[in-house]
>>> print(open('start.cif').read())   # mmCIF, C-alpha atoms
data_data
#
loop_
_atom_site.label_atom_id
_atom_site.label_comp_id
_atom_site.auth_asym_id
_atom_site.auth_seq_id
_atom_site.Cartn_x
_atom_site.Cartn_y
_atom_site.Cartn_z
CA MET A 1 18.60 6.72 36.02
CA SER A 2 19.66 9.33 33.51
CA GLN A 3 20.97 9.43 29.97
CA PRO A 4 23.86 11.42 28.47
CA TYR A 5 23.06 14.88 27.14
CA ASP A 6 19.80 14.96 29.17
CA ARG A 7 18.17 12.64 26.64
CA VAL A 8 14.74 11.15 27.35
CA PHE A 9 13.79 7.46 27.25
CA ASN A 10 11.94 7.09 23.97
CA PHE A 11 9.56 4.12 23.66
CA SER A 12 7.76 5.46 20.60
CA ALA A 13 6.35 3.02 18.06
CA GLY A 14 7.71 5.29 15.33
CA PRO A 15 11.29 6.63 15.28
CA CYS A 16 13.29 4.68 17.82
CA THR A 17 16.07 5.49 20.26
CA LEU A 18 19.52 5.30 18.72
CA PRO A 19 22.66 4.49 20.73
CA VAL A 20 24.48 7.61 21.85
CA GLU A 21 27.66 6.25 20.24
CA VAL A 22 25.91 6.20 16.85
CA LEU A 23 24.68 9.77 17.28
CA GLU A 24 28.12 10.95 18.33
CA GLU A 25 29.67 9.35 15.24
CA ALA A 26 27.04 11.02 13.05
CA GLU A 27 27.79 14.32 14.77
CA ARG A 28 31.49 13.98 14.02
CA ASP A 29 30.84 13.00 10.43
CA LEU A 30 28.49 15.94 9.99
CA ILE A 31 31.45 18.25 10.59
CA ASN A 32 34.14 16.22 8.81
CA TYR A 33 33.10 12.98 7.10
CA LYS A 34 35.84 10.35 7.42
CA GLY A 35 38.54 13.01 7.40
CA VAL A 36 37.71 14.51 3.98
CA GLY A 37 37.24 17.97 5.50
CA MET A 38 33.51 18.44 4.93
CA SER A 39 30.14 16.81 5.56
CA VAL A 40 28.25 14.57 3.12
CA MET A 41 25.81 17.44 2.55
CA GLU A 42 28.65 19.66 1.30
CA MET A 43 30.64 17.30 -0.92
CA SER A 44 30.22 16.87 -4.64
CA HIS A 45 28.15 13.92 -5.80
CA ARG A 46 31.01 13.24 -8.21
CA SER A 47 33.68 13.20 -5.50
CA LYS A 48 35.59 10.02 -4.71
CA ALA A 49 34.31 10.11 -1.11
CA PHE A 50 30.66 10.20 -2.20
CA GLU A 51 31.17 7.63 -4.94
CA LYS A 52 32.58 5.33 -2.26
CA ILE A 53 29.45 5.84 -0.14
CA LEU A 54 27.30 4.76 -3.10
CA ALA A 55 29.57 1.83 -3.95
CA ASP A 56 29.65 0.59 -0.36
CA THR A 57 25.86 0.93 -0.04
CA GLU A 58 25.25 -0.97 -3.26
CA ALA A 59 27.69 -3.70 -2.25
CA ALA A 60 25.93 -4.08 1.11
CA LEU A 61 22.51 -4.33 -0.56
CA ARG A 62 23.76 -6.88 -3.07
CA ALA A 63 25.23 -9.00 -0.28
CA LEU A 64 22.21 -8.77 2.04
CA LEU A 65 19.63 -9.48 -0.68
CA ASP A 66 21.86 -11.72 -2.80
CA ILE A 67 21.06 -9.56 -5.83
CA PRO A 68 22.08 -11.27 -9.10
CA ALA A 69 24.80 -9.58 -11.14
CA ASN A 70 22.43 -8.89 -14.04
CA TYR A 71 20.24 -6.64 -11.85
CA LYS A 72 20.90 -2.91 -11.53
CA VAL A 73 20.72 -1.04 -8.21
CA LEU A 74 19.44 2.53 -8.59
CA PHE A 75 19.42 5.30 -5.99
CA LEU A 76 16.66 7.72 -6.99
CA GLN A 77 15.07 10.84 -5.59
CA GLY A 78 11.36 11.24 -4.93
CA GLY A 79 10.78 8.30 -2.61
CA ALA A 80 8.84 5.16 -3.43
CA SER A 81 5.68 7.12 -4.23
CA LEU A 82 7.32 8.67 -7.28
CA GLN A 83 7.64 5.16 -8.70
CA PHE A 84 3.85 4.81 -8.68
CA SER A 85 3.84 6.80 -11.93
CA MET A 86 7.41 6.10 -13.10
CA ILE A 87 6.77 2.35 -13.31
CA PRO A 88 3.86 2.53 -15.80
CA LEU A 89 5.67 5.27 -17.72
CA ASN A 90 8.60 2.91 -18.24
CA TYR A 91 6.97 -0.54 -18.32
CA LEU A 92 3.47 -0.01 -19.74
CA GLY A 93 3.55 0.28 -23.52
CA ALA A 94 0.83 1.27 -25.94
CA GLY A 95 -1.82 -1.42 -26.30
CA GLN A 96 -0.66 -3.18 -23.13
CA THR A 97 -2.30 -3.56 -19.74
CA ALA A 98 -0.85 -3.95 -16.26
CA ASP A 99 -2.33 -6.03 -13.44
CA TYR A 100 -2.55 -4.53 -9.95
CA ILE A 101 -3.11 -6.43 -6.73
CA VAL A 102 -4.41 -3.94 -4.17
CA THR A 103 -4.30 -5.02 -0.53
CA GLY A 104 -4.09 -1.62 1.17
CA ALA A 105 -3.65 2.13 0.94
CA TRP A 106 -0.24 2.12 -0.75
CA GLY A 107 -1.21 -0.39 -3.40
CA GLU A 108 -4.35 1.65 -4.04
CA LYS A 109 -2.27 4.79 -4.58
CA ALA A 110 0.00 2.92 -6.99
CA TYR A 111 -3.03 1.66 -8.93
CA GLU A 112 -4.60 5.13 -9.12
CA ALA A 113 -1.35 6.63 -10.43
CA ALA A 114 -1.00 3.92 -13.09
CA ASN A 115 -4.54 4.60 -14.30
CA LEU A 116 -3.42 8.09 -15.28
CA VAL A 117 -0.74 6.62 -17.54
CA GLY A 118 -2.29 3.65 -19.32
CA ALA A 119 -4.56 0.63 -19.22
CA THR A 120 -4.70 -1.34 -15.98
CA THR A 121 -6.60 -4.33 -14.62
CA LEU A 122 -7.53 -4.65 -10.97
CA ALA A 123 -6.69 -8.31 -10.42
CA TYR A 124 -7.56 -8.09 -6.74
CA ASP A 125 -9.14 -5.38 -4.58
CA GLY A 126 -9.37 -5.91 -0.83
CA LYS A 127 -11.25 -2.69 -0.18
CA SER A 128 -14.63 -4.41 0.27
CA SER A 129 -13.20 -6.30 3.27
CA ASN A 130 -11.41 -3.18 4.56
CA PHE A 131 -8.07 -4.60 3.41
CA THR A 132 -7.90 -7.34 6.03
CA ASP A 133 -6.35 -10.14 3.98
CA THR A 134 -4.10 -11.05 1.08
CA PRO A 135 -5.09 -13.23 -1.88
CA ILE A 136 -3.48 -16.43 -3.13
CA PHE A 137 -1.58 -15.48 -6.26
CA GLU A 138 -2.37 -18.74 -8.02
CA SER A 139 -6.10 -18.04 -7.75
CA LEU A 140 -6.01 -14.54 -9.21
CA PRO A 141 -7.37 -13.80 -12.71
CA LEU A 142 -4.11 -12.37 -13.99
CA THR A 143 -3.86 -11.13 -17.57
CA ALA A 144 -1.98 -13.67 -19.67
CA ASP A 145 0.10 -11.10 -21.54
CA ALA A 146 0.21 -8.34 -18.92
CA ALA A 147 3.04 -5.82 -19.20
CA TYR A 148 3.65 -6.44 -15.50
CA VAL A 149 1.98 -7.46 -12.25
CA HIS A 150 2.31 -5.02 -9.34
CA PHE A 151 1.76 -5.62 -5.63
CA THR A 152 2.79 -4.18 -2.26
CA SER A 153 4.45 -6.78 -0.06
CA ASN A 154 3.45 -5.15 3.22
CA GLU A 155 0.70 -2.62 3.86
CA THR A 156 1.61 -0.74 7.03
CA ILE A 157 -1.64 1.19 7.35
CA HIS A 158 -3.90 -1.87 7.21
CA GLY A 159 -1.41 -4.39 8.58
CA VAL A 160 -1.41 -7.14 5.95
CA GLU A 161 1.70 -8.70 4.46
CA PHE A 162 2.65 -11.21 1.78
CA PHE A 163 5.19 -13.80 2.94
CA GLY A 164 7.33 -15.38 0.26
CA ASP A 165 7.98 -14.56 -3.38
CA PRO A 166 5.18 -15.44 -5.82
CA SER A 167 5.74 -16.80 -9.29
CA VAL A 168 3.71 -15.29 -12.12
CA GLY A 169 3.95 -15.44 -15.88
CA ALA A 170 4.34 -11.69 -16.37
CA PRO A 171 7.13 -9.44 -15.07
CA LEU A 172 6.59 -9.02 -11.33
CA ILE A 173 7.05 -5.61 -9.67
CA CYS A 174 6.86 -5.09 -5.92
CA ASP A 175 6.82 -2.15 -3.54
CA MET A 176 8.84 -3.49 -0.59
CA SER A 177 9.19 -0.18 1.23
CA SER A 178 8.17 -1.50 4.64
CA ASP A 179 9.60 -5.03 4.74
CA ILE A 180 12.66 -5.13 2.49
CA LEU A 181 15.68 -6.59 4.31
CA SER A 182 13.40 -8.17 6.91
CA ARG A 183 13.56 -11.61 5.25
CA PRO A 184 15.40 -13.43 2.46
CA VAL A 185 14.07 -12.49 -0.99
CA ASP A 186 14.46 -14.37 -4.27
CA VAL A 187 15.24 -11.30 -6.35
CA SER A 188 15.34 -13.37 -9.55
CA LYS A 189 11.54 -13.73 -9.41
CA TYR A 190 11.08 -9.98 -9.82
CA ALA A 191 11.46 -7.66 -12.77
CA MET A 192 11.78 -4.78 -10.32
CA ILE A 193 11.79 -4.20 -6.57
CA TYR A 194 11.55 -0.69 -5.19
CA ALA A 195 11.49 0.79 -1.71
CA GLY A 196 11.71 4.10 0.10
CA ALA A 197 15.11 4.24 1.79
CA GLN A 198 13.77 6.00 4.88
CA LYS A 199 11.35 3.20 5.82
CA GLU A 200 12.78 -0.24 6.50
CA HIS A 201 16.37 1.06 6.37
CA GLY A 202 15.82 4.02 8.70
CA PRO A 203 16.15 4.43 12.48
CA CYS A 204 12.42 3.90 12.93
CA ARG A 205 12.94 0.22 12.08
CA LEU A 206 16.07 -0.63 14.03
CA HIS A 207 14.08 -1.70 17.09
CA GLY A 208 11.50 -3.79 15.26
CA ARG A 209 8.56 -3.59 12.90
CA ASP A 210 5.94 -0.94 13.61
CA TYR A 211 2.91 -2.56 12.03
CA GLN A 212 0.41 -5.28 12.80
CA GLY A 213 0.44 -8.43 10.76
#
>>> encode(input="start.cif", output="structure tokens")
Amino acid sequence: MSQPYDRVFNFSAGPCTLPVEVLEEAERDLINYKGVGMSVMEMSHRSKAFEKILADTEAALRALLDIPANYKVLFLQGGASLQFSMIPLNYLGAGQTADYIVTGAWGEKAYEAANLVGATTLAYDGKSSNFTDTPIFESLPLTADAAYVHFTSNETIHGVEFFGDPSVGAPLICDMSSDILSRPVDVSKYAMIYAGAQKEHGPCRLHGRDYQG
């Protein structure tokens, strides 16, 4: 048995095998995207063709996640990790504190970055148990007037995941980089959801989830 273009059979747990038809379409679009005469990498970010890409992507996200009309969808550079510091810079005011629920390596990085910006409270730290479980939100000692509560819905390195959308008194912020679009989400319960586009949306996820949990 052989594959077109002398391709190998890839059973990697990371980036997965894509259908040849998808790769061929990407190859064509790399030369001339949808007949506009250039690739996406060459066109202006203000061009009608690129604006349509953004509009179509936003519309798809809004439909898939049922995002309410009063929520904004932002496409930002820097990946999800940049938001570790951008979130406290934008949400954490003087004299306020933010609660962090740390259940793995990514939540820990977010907490460490926030500490460089302002006051934070570690509402839960799973490090003592080697990040093997998730807490019950209702049992956590959350700050009554916290600027926000931050958690990571799925920790790929340690393999623990929150299922469902918790309700808290403060604005809720979640890093959903590795499980967004894998289940229905009640967006209205969150002040902000952020995710790295290359993770759950990328080819490494098309064949299934690559973590334990």
>>> residues_around(input="start.cif", residues="stretch 42-46 of chain A", least_positions_apart="6", cutoff="10 Å", atoms="all atoms listed in the file", output="list in words")
Leu30, Ile31, Asn32, Tyr33, Val36, Ile53 and Leu54 of chain A
>>> resolve_selection(input="start.cif", expression="the PyMOL selection byres ((chain A and resi 132) around 10)", output="ChimeraX atom specification")
/A:103-104,126-131,133-134,158-161,213
>>> write_last_selection(input="start.cif", atoms="C-alpha atoms", output="CSV table (one decimal), in the frame of the given file")
chain,number,residue,atom,x,y,z
A,103,THR,CA,-4.3,-5.0,-0.5
A,104,GLY,CA,-4.1,-1.6,1.2
A,126,GLY,CA,-9.4,-5.9,-0.8
A,127,LYS,CA,-11.2,-2.7,-0.2
A,128,SER,CA,-14.6,-4.4,0.3
A,129,SER,CA,-13.2,-6.3,3.3
A,130,ASN,CA,-11.4,-3.2,4.6
A,131,PHE,CA,-8.1,-4.6,3.4
A,133,ASP,CA,-6.4,-10.1,4.0
A,134,THR,CA,-4.1,-11.0,1.1
A,158,HIS,CA,-3.9,-1.9,7.2
A,159,GLY,CA,-1.4,-4.4,8.6
A,160,VAL,CA,-1.4,-7.1,6.0
A,161,GLU,CA,1.7,-8.7,4.5
A,213,GLY,CA,0.4,-8.4,10.8
>>> resolve_selection(input="start.cif", expression="the PyMOL selection byres ((chain A and resi 191) around 6)", output="JSON, numbers by chain")
{"A": [171, 172, 173, 190, 192]}
>>> atom_distance(input="start.cif", atom1="atom CA of A:Ser12", atom2="atom CA of A:Val40")
28.4 Å
>>> residues_around(input="start.cif", residues="A:Gly164", least_positions_apart="2", cutoff="10 Å", atoms="only C-alpha atoms", output="list in words")
Ser153, Glu161, Phe162, Pro166, Ser167, Arg183, Pro184, Val185 and Asp186 of chain A
>>> write_last_selection(input="start.cif", atoms="C-alpha atoms", output="short mmCIF file (atom, residue, chain, number, x, y, z; two decimals), keeping the file's coordinate frame")
data_model
loop_
_atom_site.label_atom_id
_atom_site.label_comp_id
_atom_site.auth_asym_id
_atom_site.auth_seq_id
_atom_site.Cartn_x
_atom_site.Cartn_y
_atom_site.Cartn_z
CA SER A 153 4.45 -6.78 -0.06
CA GLU A 161 1.70 -8.70 4.46
CA PHE A 162 2.65 -11.21 1.78
CA PRO A 166 5.18 -15.44 -5.82
CA SER A 167 5.74 -16.80 -9.29
CA ARG A 183 13.56 -11.61 5.25
CA PRO A 184 15.40 -13.43 2.46
CA VAL A 185 14.07 -12.49 -0.99
CA ASP A 186 14.46 -14.37 -4.27
#
>>> closest_residue(input="start.cif", among="A:His150, A:Ser39, A:Lys48, A:Asp66", to="A:Glu27", atoms="all atoms listed in the file")
A:Ser39
>>> closest_residue(input="start.cif", among="A:Glu24, A:Val102, A:Ala123, A:Leu181", to="A:Leu61", atoms="all atoms listed in the file")
A:Leu181
>>> resolve_selection(input="start.cif", expression="the PyMOL selection byres ((chain A and resi 148) around 12)", output="ChimeraX atom specification")
/A:87-88,90-93,96-101,114,119-121,123,142-147,149-151,168-174,190-192
>>> closest_residue(input="start.cif", among="A:Lys52, A:Glu21, A:Ala63, A:Phe163", to="A:Phe137", atoms="all atoms listed in the file")
A:Phe163
>>> atom_distance(input="start.cif", atom1="atom CA of A:Pro4", atom2="atom CA of A:Ala197")
29.0 Å
>>> atom_distance(input="start.cif", atom1="atom CA of A:Ser178", atom2="atom CA of A:Met41")
26.0 Å
